[in-house]
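*Asks:* Input file: coords_27.txt. Contents: compact mmCIF, C-alpha atoms.
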# COMPACT_ATOMS: atom_id res chain seq x y z
CA MET A 1 -51.64 58.25 184.03
CA ASN A 2 -54.40 59.20 181.61
CA GLU A 3 -57.13 61.75 182.23
CA GLN A 4 -59.72 59.18 183.25
CA LYS A 5 -57.38 57.75 185.87
CA ARG A 6 -56.59 61.22 187.19
CA GLU A 7 -60.30 61.99 187.49
CA GLN A 8 -60.79 58.74 189.41
CA LEU A 9 -57.88 59.72 191.63
CA SER A 10 -59.52 63.09 192.30
CA ALA A 11 -62.73 61.31 193.31
CA LEU A 12 -60.73 58.93 195.52
CA VAL A 13 -59.21 61.94 197.30
CA ASP A 14 -62.77 63.06 198.06
CA ASP A 15 -63.76 59.59 199.21
CA GLU A 16 -66.37 59.54 196.46
CA LEU A 17 -65.15 56.48 194.61
CA THR A 18 -66.88 53.34 195.70
CA GLN A 19 -66.84 50.61 193.09
CA GLU A 20 -63.55 51.40 191.37
CA ALA A 21 -61.72 52.42 194.56
CA SER A 22 -59.83 49.18 194.95
CA SER A 23 -58.46 49.15 191.40
CA VAL A 24 -57.52 52.85 191.56
CA ILE A 25 -55.66 52.27 194.84
CA GLU A 26 -53.95 49.31 193.22
CA SER A 27 -52.66 51.38 190.31
CA LEU A 28 -51.83 54.29 192.63
CA LEU A 29 -49.53 52.07 194.66
CA GLU A 30 -47.53 51.15 191.58
CA ASP A 31 -47.26 54.60 190.05
CA ASN A 32 -44.97 57.19 191.69
CA GLU A 33 -46.31 60.02 189.56
CA ALA A 34 -49.82 59.15 190.68
CA LYS A 35 -48.66 59.09 194.32
CA GLU A 36 -47.23 62.59 193.93
CA THR A 37 -50.50 63.77 192.39
CA TRP A 38 -52.37 62.18 195.32
CA ALA A 39 -50.13 64.11 197.74
CA ARG A 40 -50.57 67.42 195.89
CA TYR A 41 -54.35 67.03 195.68
CA HIS A 42 -54.43 66.59 199.46
CA LEU A 43 -52.07 69.51 199.86
CA ILE A 44 -54.52 71.75 198.00
CA GLY A 45 -57.28 70.76 200.42
CA ASP A 46 -55.03 71.19 203.46
CA SER A 47 -54.10 74.66 202.28
CA LEU A 48 -57.70 75.73 201.76
CA ARG A 49 -58.79 74.36 205.13
CA GLY A 50 -55.93 76.02 207.01
CA HIS A 51 -54.18 72.75 207.87
CA PHE A 52 -50.85 73.96 206.60
CA PRO A 53 -48.00 73.73 209.05
CA GLY A 54 -45.64 76.68 209.32
CA GLN A 55 -43.21 74.70 207.28
CA ILE A 56 -44.20 72.44 204.41
CA GLY A 57 -42.38 69.23 205.10
CA ASP A 58 -42.25 65.86 203.42
CA ILE A 59 -41.58 63.05 205.85
CA SER A 60 -43.06 60.32 203.65
CA GLY A 61 -39.65 59.17 202.36
CA ASN A 62 -38.20 58.83 205.87
CA VAL A 63 -41.28 57.04 207.19
CA SER A 64 -41.27 54.69 204.23
CA GLN A 65 -37.59 53.93 204.79
CA ALA A 66 -38.12 53.29 208.50
CA ILE A 67 -41.08 51.03 207.80
CA ALA A 68 -39.12 49.04 205.25
CA SER A 69 -37.05 47.60 208.08
CA GLU A 70 -40.13 46.87 210.21
CA PRO A 71 -41.68 43.41 210.20
CA THR A 72 -44.57 43.04 207.78
CA ILE A 73 -47.97 43.28 209.42
CA LEU A 74 -50.25 40.31 209.30
CA ALA A 75 -53.20 41.24 211.46
CA PRO A 76 -54.62 38.17 213.20
CA ALA A 77 -58.12 37.30 212.09
CA LYS A 78 -60.77 37.12 214.79
CA THR A 79 -61.12 33.46 215.75
CA SER A 80 -64.46 31.85 216.41
CA ALA A 81 -63.33 31.01 219.95
CA ASN A 82 -62.63 34.70 220.63
CA ARG A 83 -65.93 35.63 219.14
CA LYS A 84 -67.79 33.07 221.29
CA SER A 85 -66.27 34.30 224.53
CA SER A 86 -66.90 37.93 223.64
CA ASP A 87 -70.50 37.10 222.71
CA LEU A 88 -70.98 35.47 226.12
CA MET A 89 -69.56 38.51 227.86
CA LYS A 90 -71.78 40.97 226.00
CA PRO A 91 -74.89 40.74 228.25
CA VAL A 92 -72.76 40.83 231.40
CA MET A 93 -70.79 43.81 230.16
CA GLY A 94 -73.97 45.53 229.04
CA PHE A 95 -75.47 45.13 232.51
CA ALA A 96 -72.26 46.32 234.17
CA ILE A 97 -72.12 49.42 231.97
CA ALA A 98 -75.81 50.18 232.52
CA ALA A 99 -75.36 49.82 236.30
CA SER A 100 -72.29 52.09 236.29
CA VAL A 101 -74.04 54.70 234.20
CA ALA A 102 -77.04 54.59 236.49
CA ALA A 103 -74.83 55.03 239.54
CA VAL A 104 -73.07 58.01 237.95
CA ALA A 105 -76.42 59.47 236.91
CA ILE A 106 -77.84 59.22 240.43
CA PHE A 107 -74.67 60.77 241.86
CA ASN A 108 -74.88 63.62 239.35
CA VAL A 109 -78.56 64.15 240.08
CA GLN A 110 -77.81 64.45 243.79
CA GLN A 111 -75.06 66.98 243.11
CA ALA A 112 -77.28 68.96 240.81
CA LYS A 113 -79.95 69.07 243.50
CA GLU A 114 -77.49 70.24 246.12
CA ILE A 115 -76.12 73.12 244.06
CA PRO A 116 -78.96 74.59 242.04
CA GLU A 117 -77.93 77.34 239.67
CA ALA A 118 -80.01 79.74 237.68
CA GLY A 119 -80.13 78.94 234.00
CA GLN A 120 -78.95 75.37 234.44
CA PRO A 121 -81.10 72.63 232.95
CA VAL A 122 -83.11 70.87 235.63
CA ILE A 123 -83.74 67.16 235.78
CA ALA A 124 -87.31 66.15 236.28
CA GLN A 125 -87.89 64.20 239.48
CA SER A 126 -89.77 61.56 237.56
CA SER A 127 -86.67 60.61 235.64
CA ILE A 128 -84.96 59.62 238.91
CA ALA A 129 -87.71 57.23 239.72
CA THR A 130 -87.55 55.48 236.38
CA SER A 131 -85.63 52.35 235.63
CA GLN A 132 -81.88 52.09 235.27
CA GLN A 133 -82.26 51.85 231.54
CA SER A 134 -84.07 55.16 231.25
CA LEU A 135 -81.48 56.80 233.47
CA ALA A 136 -78.76 55.45 231.22
CA THR A 137 -80.59 56.95 228.27
CA SER A 138 -81.16 60.30 229.91
CA ILE A 139 -77.52 60.75 230.82
CA ALA A 140 -76.67 60.60 227.16
CA THR A 141 -78.87 63.64 226.53
CA PRO A 142 -77.90 67.20 227.31
CA GLN A 143 -80.62 67.39 229.95
CA LEU A 144 -78.37 66.09 232.69
CA VAL A 145 -75.86 68.79 233.37
CA ASN A 146 -74.12 69.00 236.68
CA GLN A 147 -71.57 71.63 237.56
CA LYS A 148 -68.57 69.73 236.31
CA THR A 149 -69.95 68.76 232.92
CA GLY A 150 -71.46 72.21 232.63
CA GLN A 151 -68.02 73.74 232.89
CA ALA A 152 -66.67 71.31 230.33
CA GLN A 153 -69.49 72.19 227.97
CA ILE A 154 -68.91 75.92 228.40
CA TYR A 155 -65.24 75.36 227.70
CA GLN A 156 -66.09 73.34 224.60
CA ALA A 157 -68.56 75.97 223.43
CA VAL A 158 -65.95 78.71 223.80
CA ASN A 159 -63.52 76.59 221.85
CA ILE A 160 -66.03 75.94 219.08
CA ASP A 161 -66.98 79.62 218.98
CA TYR A 162 -63.35 80.54 218.64
CA ARG A 163 -62.86 78.08 215.80
CA LEU A 164 -66.06 79.09 214.06
CA ASN A 165 -65.24 82.78 214.30
CA ARG A 166 -61.81 82.19 212.91
CA TYR A 167 -63.22 80.08 210.12
CA LEU A 168 -65.88 82.63 209.23
CA VAL A 169 -63.39 85.50 209.14
CA ASN A 170 -61.03 83.50 206.95
CA TYR A 171 -63.76 82.25 204.69
CA ASN A 172 -65.39 85.64 204.30
CA GLU A 173 -62.04 87.11 203.33
CA TYR A 174 -61.63 84.26 200.90
CA ARG A 175 -65.11 84.77 199.43
CA ALA A 176 -64.49 88.49 199.05
CA ASN A 177 -61.21 87.84 197.27
CA THR A 178 -62.53 85.21 194.92
CA GLY A 179 -65.92 86.76 194.26
CA VAL A 180 -67.63 83.48 195.13
CA SER A 181 -71.32 84.13 195.55
CA GLY A 182 -72.26 80.68 196.78
CA MET A 183 -74.07 79.73 199.94
CA PRO A 184 -72.71 80.70 203.35
CA PRO A 185 -70.95 77.93 205.24
CA HIS A 186 -73.94 76.81 207.28
CA VAL A 187 -73.47 73.17 206.46
CA TRP A 188 -69.85 73.24 207.50
CA MET A 189 -70.77 75.00 210.73
CA VAL A 190 -73.35 72.43 211.61
CA ALA A 191 -70.88 69.66 210.92
CA ASN A 192 -68.16 71.26 213.03
CA GLU A 193 -66.92 69.13 215.90
CA PRO A 194 -64.92 70.18 218.91
CA GLU A 195 -61.21 69.49 218.74
CA SER A 196 -61.49 66.89 221.48
CA ASN A 197 -63.71 64.73 219.28
CA LYS A 198 -61.17 64.40 216.55
CA MET B 1 -64.87 63.67 211.07
CA GLY B 2 -66.61 60.78 209.30
CA GLU B 3 -65.06 57.46 208.51
CA SER B 4 -63.18 57.54 205.20
CA VAL B 5 -63.84 54.51 203.03
CA THR B 6 -60.52 55.05 201.28
CA ASP B 7 -58.66 55.14 204.61
CA LYS B 8 -60.41 51.97 205.66
CA GLN B 9 -59.28 50.21 202.49
CA LEU B 10 -55.73 51.46 202.90
CA VAL B 11 -55.60 50.35 206.53
CA GLU B 12 -56.88 46.90 205.58
CA ARG B 13 -54.19 46.63 202.94
CA VAL B 14 -51.47 47.53 205.44
CA GLN B 15 -52.92 44.99 207.87
CA ASN B 16 -52.60 42.43 205.11
CA ALA B 17 -48.89 42.96 204.55
CA ASP B 18 -49.05 45.77 201.98
CA LYS B 19 -46.53 48.27 203.36
CA LYS B 20 -46.85 50.56 200.35
CA ALA B 21 -50.44 51.37 201.26
CA PHE B 22 -49.15 53.08 204.38
CA ASP B 23 -47.22 55.54 202.16
CA LEU B 24 -50.53 56.84 200.86
CA LEU B 25 -51.81 57.44 204.38
CA VAL B 26 -48.60 59.31 205.22
CA LEU B 27 -48.81 61.40 202.04
CA LYS B 28 -52.42 62.18 202.80
CA TYR B 29 -52.05 63.19 206.43
CA GLN B 30 -48.48 64.36 206.88
CA GLN B 31 -49.19 68.11 206.64
CA ARG B 32 -52.05 67.89 209.10
CA ILE B 33 -50.01 65.85 211.54
CA ILE B 34 -46.99 68.15 211.26
CA ASN B 35 -49.36 71.07 211.72
CA LEU B 36 -50.85 69.42 214.82
CA VAL B 37 -47.45 68.67 216.33
CA SER B 38 -46.30 72.24 215.56
CA ARG B 39 -48.70 73.38 218.27
CA PHE B 40 -46.53 71.59 220.81
CA VAL B 41 -43.02 72.48 219.70
CA TYR B 42 -41.44 75.61 218.33
CA ASN B 43 -38.80 74.03 216.20
CA PRO B 44 -40.15 72.93 212.78
CA SER B 45 -37.58 70.17 212.37
CA ASP B 46 -38.56 68.81 215.82
CA ALA B 47 -42.17 68.87 214.65
CA GLU B 48 -41.24 66.82 211.59
CA ASP B 49 -39.26 64.35 213.70
CA ILE B 50 -42.17 63.91 216.10
CA ALA B 51 -44.64 63.51 213.23
CA GLN B 52 -42.36 60.92 211.67
CA GLU B 53 -42.12 59.03 214.95
CA ALA B 54 -45.90 59.18 215.32
CA PHE B 55 -46.42 57.61 211.89
CA ILE B 56 -43.93 54.84 212.66
CA LYS B 57 -45.68 54.17 215.99
CA ALA B 58 -48.99 54.07 214.15
CA TYR B 59 -47.63 51.54 211.67
CA ARG B 60 -46.43 49.33 214.53
CA ALA B 61 -49.79 49.63 216.27
CA LEU B 62 -51.89 48.98 213.16
CA PRO B 63 -52.37 45.26 213.90
CA ASN B 64 -54.36 46.38 216.96
CA PHE B 65 -56.38 49.00 215.08
CA ARG B 66 -59.87 47.59 214.69
CA GLY B 67 -61.45 50.59 212.99
CA GLU B 68 -63.72 51.55 215.89
CA SER B 69 -62.71 55.14 215.18
CA ALA B 70 -61.62 56.80 211.95
CA PHE B 71 -57.98 56.33 211.07
CA TYR B 72 -57.24 60.04 211.41
CA THR B 73 -58.84 60.23 214.86
CA TRP B 74 -56.63 57.37 215.97
CA MET B 75 -53.57 58.89 214.30
CA TYR B 76 -54.34 62.24 215.93
CA ARG B 77 -54.17 60.73 219.41
CA ILE B 78 -50.90 58.94 218.63
CA ALA B 79 -49.38 62.20 217.38
CA VAL B 80 -50.58 64.16 220.43
CA ASN B 81 -49.23 61.50 222.79
CA THR B 82 -45.92 61.38 220.95
CA ALA B 83 -45.62 65.16 221.19
CA LYS B 84 -46.54 65.11 224.88
CA ASN B 85 -43.96 62.42 225.56
CA TYR B 86 -41.40 64.53 223.73
CA LEU B 87 -42.26 67.54 225.90
CA ALA B 88 -42.21 65.44 229.07
CA VAL B 89 -38.72 64.20 228.23
CA LYS B 90 -37.65 67.69 227.28
CA SER B 91 -39.01 69.18 230.50
CA ARG B 92 -36.48 67.11 232.42
CA ARG B 93 -33.88 69.13 230.57
CA PRO B 94 -33.71 72.94 230.70
CA LEU B 95 -36.71 74.34 228.83
CA GLU B 96 -35.95 75.99 225.53
CA SER B 97 -39.34 76.56 224.11
CA ALA B 98 -42.58 74.75 224.60
CA HIS B 99 -46.19 75.51 225.25
CA ASP B 100 -48.00 74.32 228.30
CA ILE B 101 -49.01 70.76 227.52
CA ASP B 102 -52.61 71.24 228.63
CA ASP B 103 -53.17 74.37 226.55
CA VAL B 104 -51.42 73.44 223.39
CA GLU B 105 -54.15 71.35 221.78
CA GLN B 106 -56.37 74.42 221.72
CA ILE B 107 -54.00 76.43 219.56
CA GLU B 108 -55.10 76.72 215.98
CA GLY B 109 -52.90 75.89 213.03
CA ASP B 110 -52.16 79.35 211.74
CA HIS B 111 -51.24 80.45 215.23
CA ALA B 112 -48.59 77.79 215.36
CA LEU B 113 -45.32 79.30 216.25
CA ARG B 114 -44.18 80.75 213.02
CA HIS B 115 -41.46 82.98 214.37
CA GLN B 116 -38.87 80.20 214.52
CA GLU B 117 -39.41 79.02 210.99
CA THR B 118 -36.73 79.81 208.49
CA PRO B 119 -37.40 82.58 205.95
CA GLU B 120 -36.88 80.08 203.11
CA HIS B 121 -39.53 77.74 204.45
CA LEU B 122 -41.95 80.56 205.11
CA LEU B 123 -41.39 81.80 201.61
CA LEU B 124 -42.15 78.37 200.14
CA ARG B 125 -45.22 77.96 202.31
CA ASP B 126 -46.53 81.38 201.36
CA GLU B 127 -45.68 80.81 197.72
CA ILE B 128 -47.62 77.54 197.72
CA GLN B 129 -50.63 79.15 199.35
CA GLU B 130 -50.52 82.14 197.05
CA THR B 131 -50.26 79.88 194.02
CA ILE B 132 -53.28 77.89 195.14
CA ILE B 133 -55.37 81.00 195.81
CA ASN B 134 -54.30 82.62 192.54
CA SER B 135 -55.14 79.45 190.63
CA ILE B 136 -58.57 79.27 192.22
CA GLU B 137 -59.22 82.91 191.41
CA ALA B 138 -58.37 82.26 187.79
CA LEU B 139 -60.81 79.34 187.50
CA PRO B 140 -64.12 79.66 185.66
CA LYS B 141 -66.90 80.35 188.14
CA ASP B 142 -68.44 76.86 188.03
CA LEU B 143 -65.10 75.16 188.73
CA ASN B 144 -64.27 77.72 191.42
CA LEU B 145 -67.56 77.11 193.20
CA ALA B 146 -67.33 73.32 192.90
CA ILE B 147 -63.82 73.11 194.42
CA THR B 148 -64.70 75.66 197.12
CA LEU B 149 -67.83 73.81 198.16
CA ARG B 150 -65.83 70.60 198.29
CA GLU B 151 -62.60 71.72 199.97
CA VAL B 152 -63.73 74.66 202.10
CA GLU B 153 -67.27 73.63 202.95
CA GLY B 154 -66.59 69.90 202.93
CA LEU B 155 -69.77 69.08 201.02
CA SER B 156 -70.27 65.69 199.40
CA TYR B 157 -70.63 65.42 195.62
CA GLU B 158 -74.32 64.75 196.14
CA ASP B 159 -74.80 67.96 198.15
CA ILE B 160 -72.76 69.98 195.66
CA ALA B 161 -74.89 68.60 192.85
CA VAL B 162 -77.99 69.88 194.64
CA ALA B 163 -76.40 73.25 195.41
CA MET B 164 -75.19 73.73 191.83
CA ASP B 165 -78.23 72.09 190.25
CA CYS B 166 -76.25 69.68 188.08
CA PRO B 167 -75.60 65.92 187.90
CA ILE B 168 -73.08 64.29 190.26
CA GLY B 169 -70.92 63.33 187.27
CA THR B 170 -70.61 67.01 186.38
CA VAL B 171 -69.58 67.83 189.94
CA ARG B 172 -66.90 65.16 189.83
CA SER B 173 -65.62 66.47 186.51
CA ARG B 174 -65.62 70.12 187.65
CA ILE B 175 -63.72 69.32 190.83
CA PHE B 176 -61.22 67.30 188.86
CA ARG B 177 -60.70 70.07 186.29
CA ALA B 178 -60.28 72.61 189.08
CA ARG B 179 -57.66 70.42 190.75
CA GLU B 180 -55.87 69.88 187.45
CA ALA B 181 -55.63 73.64 186.92
CA ILE B 182 -54.34 74.27 190.44
CA ASP B 183 -51.98 71.31 190.27
CA LYS B 184 -50.46 72.55 187.02
CA GLU B 185 -49.25 75.66 188.85
CA LEU B 186 -48.40 73.83 192.06
CA LYS B 187 -46.33 71.01 190.60
CA PRO B 188 -43.21 73.06 189.77
CA LEU B 189 -43.02 74.26 193.39
CA ILE B 190 -43.09 70.85 195.07
CA GLU B 191 -40.73 67.94 194.92
CA TYR B 192 -41.51 64.61 196.51
Would it be possible to restate this file's structure as structure tokens?

*Replies:*
Amino acid sequence: MNEQKREQLSALVDDELTQEASSVIESLLEDNEAKETWARYHLIGDSLRGHFPGQIGDISGNVSQAIASEPTILAPAKTSANRKSSDLMKPVMGFAIAASVAAVAIFNVQQAKEIPEAGQPVIAQSSIATSQQSLATSIATPQLVNQKTGQAQIYQAVNIDYRLNRYLVNYNEYRANTGVSGMPPHVWMVANEPESNK
Amino acid sequence: MGESVTDKQLVERVQNADKKAFDLLVLKYQQRIINLVSRFVYNPSDAEDIAQEAFIKAYRALPNFRGESAFYTWMYRIAVNTAKNYLAVKSRRPLESAHDIDDVEQIEGDHALRHQETPEHLLLRDEIQETIINSIEALPKDLNLAITLREVEGLSYEDIAVAMDCPIGTVRSRIFRAREAIDKELKPLIEY
């Protein structure tokens, strides 16, 4: 594998190769040395992001062997008949979902009214009187918070805080060690997602 | 986590009878999946077995994967379910060592149950990490910053180019040269 190919491989690891991706994958599949490089490049990233397991294992050989005896996958293409029936169902399903969401929203609103709590976001009365569609929209916003979802959000926030704190401590130690004077990890923090969203 | 274009291409290849493409997905995600499963089980070899089973299940289920979520998100759920099934089966036998199923997903990677790992494996793991950190420390500042912004901060090449005030092509080259330097030290430690 020449230097140009290795640089393309590095960009592929970062998902930054668009036009040449297919040909690089093609050559990667036929070149064991390139596959090993691919694995090590990912290992570097895993190490820096704290995704290392306690024990560095390589299960790729066993998985590959097991898969060799599996039937080859030929994913069925979506037929036009399937597409037609699903297209017909779309408006019906859309209405059903909207109705369900509206019902849940009204139920939540009633609960929120029954158990008012200081500091909890309050739903404006006018939003109850609006159409089902607007209720469906408002439930997707953080404005509607009943007790149950509130607890879930607090739990999520604690979890995110824990992860962020851990990340910041690790990264600050890392920055101190390496003398990196770059920007603080604001972008990463903003992009952080709770574990449950993975 | 955003959708990876590379993953999408690899999945499509597997769905079109290219088994080898699945190897690349395994090589890419195996450490993360083993790490994830290690939160459920103490024994590292059990974690590897469960991770292996999860990948095989994923391969079998790939015809039904329509790409509504990212491949890793989908793989993550398969691995968690495989680990939970393992614990459920194990709980019918006398418990040796296992976390509470409901709590275990909240445990972070480095807190994963290191005390049952063998000294040899811990040594290798620590040696690999030390090698990577040492290699990064030894890099010229521009390469160090480029690889850190990419791997630690997760920035795109475009964002790194803005942050470092240089063309995207330079970013790509710096990240590659940084990886080459780290890989040169790492290669003797790892056998695939």

*Asks:* Given all atoms listed in the file as the basis, pick out the residue of B:Ala146, B:Ala70, B:Val152, B:Met164 nearest to chain A.

*Replies:*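 Among the listed residues, B:Val152 lies closest to chain A.
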
*Asks:* Give me the residues near Leu62 in chain B as a list in words, where near means some atom within 9 Å (using only C-alpha atoms) and where sequence neighbours in that chain fewer than 3 positions away do not count.

*Replies:* Ile73 and Ala75 of chain A; Val11, Val14, Gln15, Lys57, Ala58, Tyr59, Phe65 and Arg66 of chain B

*Asks:* For a quick check of understanding, using all atoms listed in the file, which of B:Lys8, B:Lys84, B:Lys19, B:Arg92 has the smallest distance to chain A?

*Replies:*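 Going through B:Lys8, B:Lys84, B:Lys19, B:Arg92 one by one, the smallest distance to chain A is for B:Lys19.
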
*Asks:* For a quick check of understanding, using all atoms listed in the file, which of B:Val89, B:Ala47, B:Ala54, B:Leu122 has the smallest distance to chain A?

*Replies:*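 Answer, going by the shortest atom-to-atom distance: B:Leu122.
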
*Asks:* Quick one: of A:Ile25, A:Leu43, A:Leu17, A:Leu48, who's nearest to Gln30 in chain B, counting all atoms listed in the file?

*Replies:* A:Leu43

*Asks:* Tell me which of A:Gln8, A:Asn32, A:Asn2, A:Thr72 sits closest to chain B, counting all atoms listed in the file.

*Replies:*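 Closest to chain B, using all atoms listed in the file: A:Thr72.
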
*Asks:* For Glu53 in chain B, which residue among A:Leu74, A:Ile67, A:Leu12, A:Ala39 is the nearest when counting all atoms listed in the file?

*Replies:* A:Ile67

*Asks:* Identify, on the basis of all atoms listed in the file, every residue whose closest approach to Gln129 in chain B does not exceed 8 Å; exclude the query and any residue fewer than 4 positions from it along the same chain; express the result as a PyMOL selection string.

*Replies:* (chain A and resi 47) or (chain B and resi 125+133)

*Asks:* Those same residues - C-alpha atoms - I'd like them written as a short mmCIF file (atom, residue, chain, number, x, y, z; two decimals), keeping the file's coordinate frame.

*Replies:*
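Written file, part.cif:
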data_model
loop_
_atom_site.label_atom_id
_atom_site.label_comp_id
_atom_site.auth_asym_id
_atom_site.auth_seq_id
_atom_site.Cartn_x
_atom_site.Cartn_y
_atom_site.Cartn_z
CA SER A 47 -54.10 74.66 202.28
CA ARG B 125 -45.22 77.96 202.31
CA ILE B 133 -55.37 81.00 195.81
#

*Asks:* Taking (-69.8, 66.2, 188.8) in the coordinates of the supplied file, I want to know which residues reach to within 10 Å of it, counting only C-alpha atoms; could you give the answer as a ChimeraX atom specification?

*Replies:* /A:11 /B:146,157-158,160-161,164,166-176

*Asks:* So that I have them on file, write out the residues from the current selection with C-alpha atoms, as an mmCIF file, keeping the file's coordinate frame.

*Replies:*
data_model
loop_
_atom_site.group_PDB
_atom_site.id
_atom_site.type_symbol
_atom_site.label_atom_id
_atom_site.label_comp_id
_atom_site.auth_asym_id
_atom_site.auth_seq_id
_atom_site.Cartn_x
_atom_site.Cartn_y
_atom_site.Cartn_z
ATOM 1 C CA ALA A 11 -62.730 61.310 193.310
ATOM 2 C CA ALA B 146 -67.330 73.320 192.900
ATOM 3 C CA TYR B 157 -70.630 65.420 195.620
ATOM 4 C CA GLU B 158 -74.320 64.750 196.140
ATOM 5 C CA ILE B 160 -72.760 69.980 195.660
ATOM 6 C CA ALA B 161 -74.890 68.600 192.850
ATOM 7 C CA MET B 164 -75.190 73.730 191.830
ATOM 8 C CA CYS B 166 -76.250 69.680 188.080
ATOM 9 C CA PRO B 167 -75.600 65.920 187.900
ATOM 10 C CA ILE B 168 -73.080 64.290 190.260
ATOM 11 C CA GLY B 169 -70.920 63.330 187.270
ATOM 12 C CA THR B 170 -70.610 67.010 186.380
ATOM 13 C CA VAL B 171 -69.580 67.830 189.940
ATOM 14 C CA ARG B 172 -66.900 65.160 189.830
ATOM 15 C CA SER B 173 -65.620 66.470 186.510
ATOM 16 C CA ARG B 174 -65.620 70.120 187.650
ATOM 17 C CA ILE B 175 -63.720 69.320 190.830
ATOM 18 C CA PHE B 176 -61.220 67.300 188.860
#

*Asks:* Have a look at CA of Ser4 in chain B and CA of Asp15 in chain A and let me know their distance in Å, one decimal.

*Replies:*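 So the answer is 6.4 Å.
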
*Asks:* Around all listed atoms of range 46-60 of chain A, padded 3 Å per side, what centre and edge lengths does the axis-aligned box have in Å to one decimal, as lines of an AutoDock Vina configuration file?

*Replies:*
center_x = -50.2
center_y = 68.5
center_z = 205.5
size_x = 23.2
size_y = 22.4
size_z = 13.6

*Asks:* As an exercise, work out the distance from CA of Val37 in chain B to CA of Asn81 in chain B in Å and give it to one decimal place.

*Replies:* 9.8 Å

*Asks:* At what distance in Å, to one decimal, does CA of Asn35 in chain B lie from CA of His42 in chain A?

*Replies:* 14.0 Å
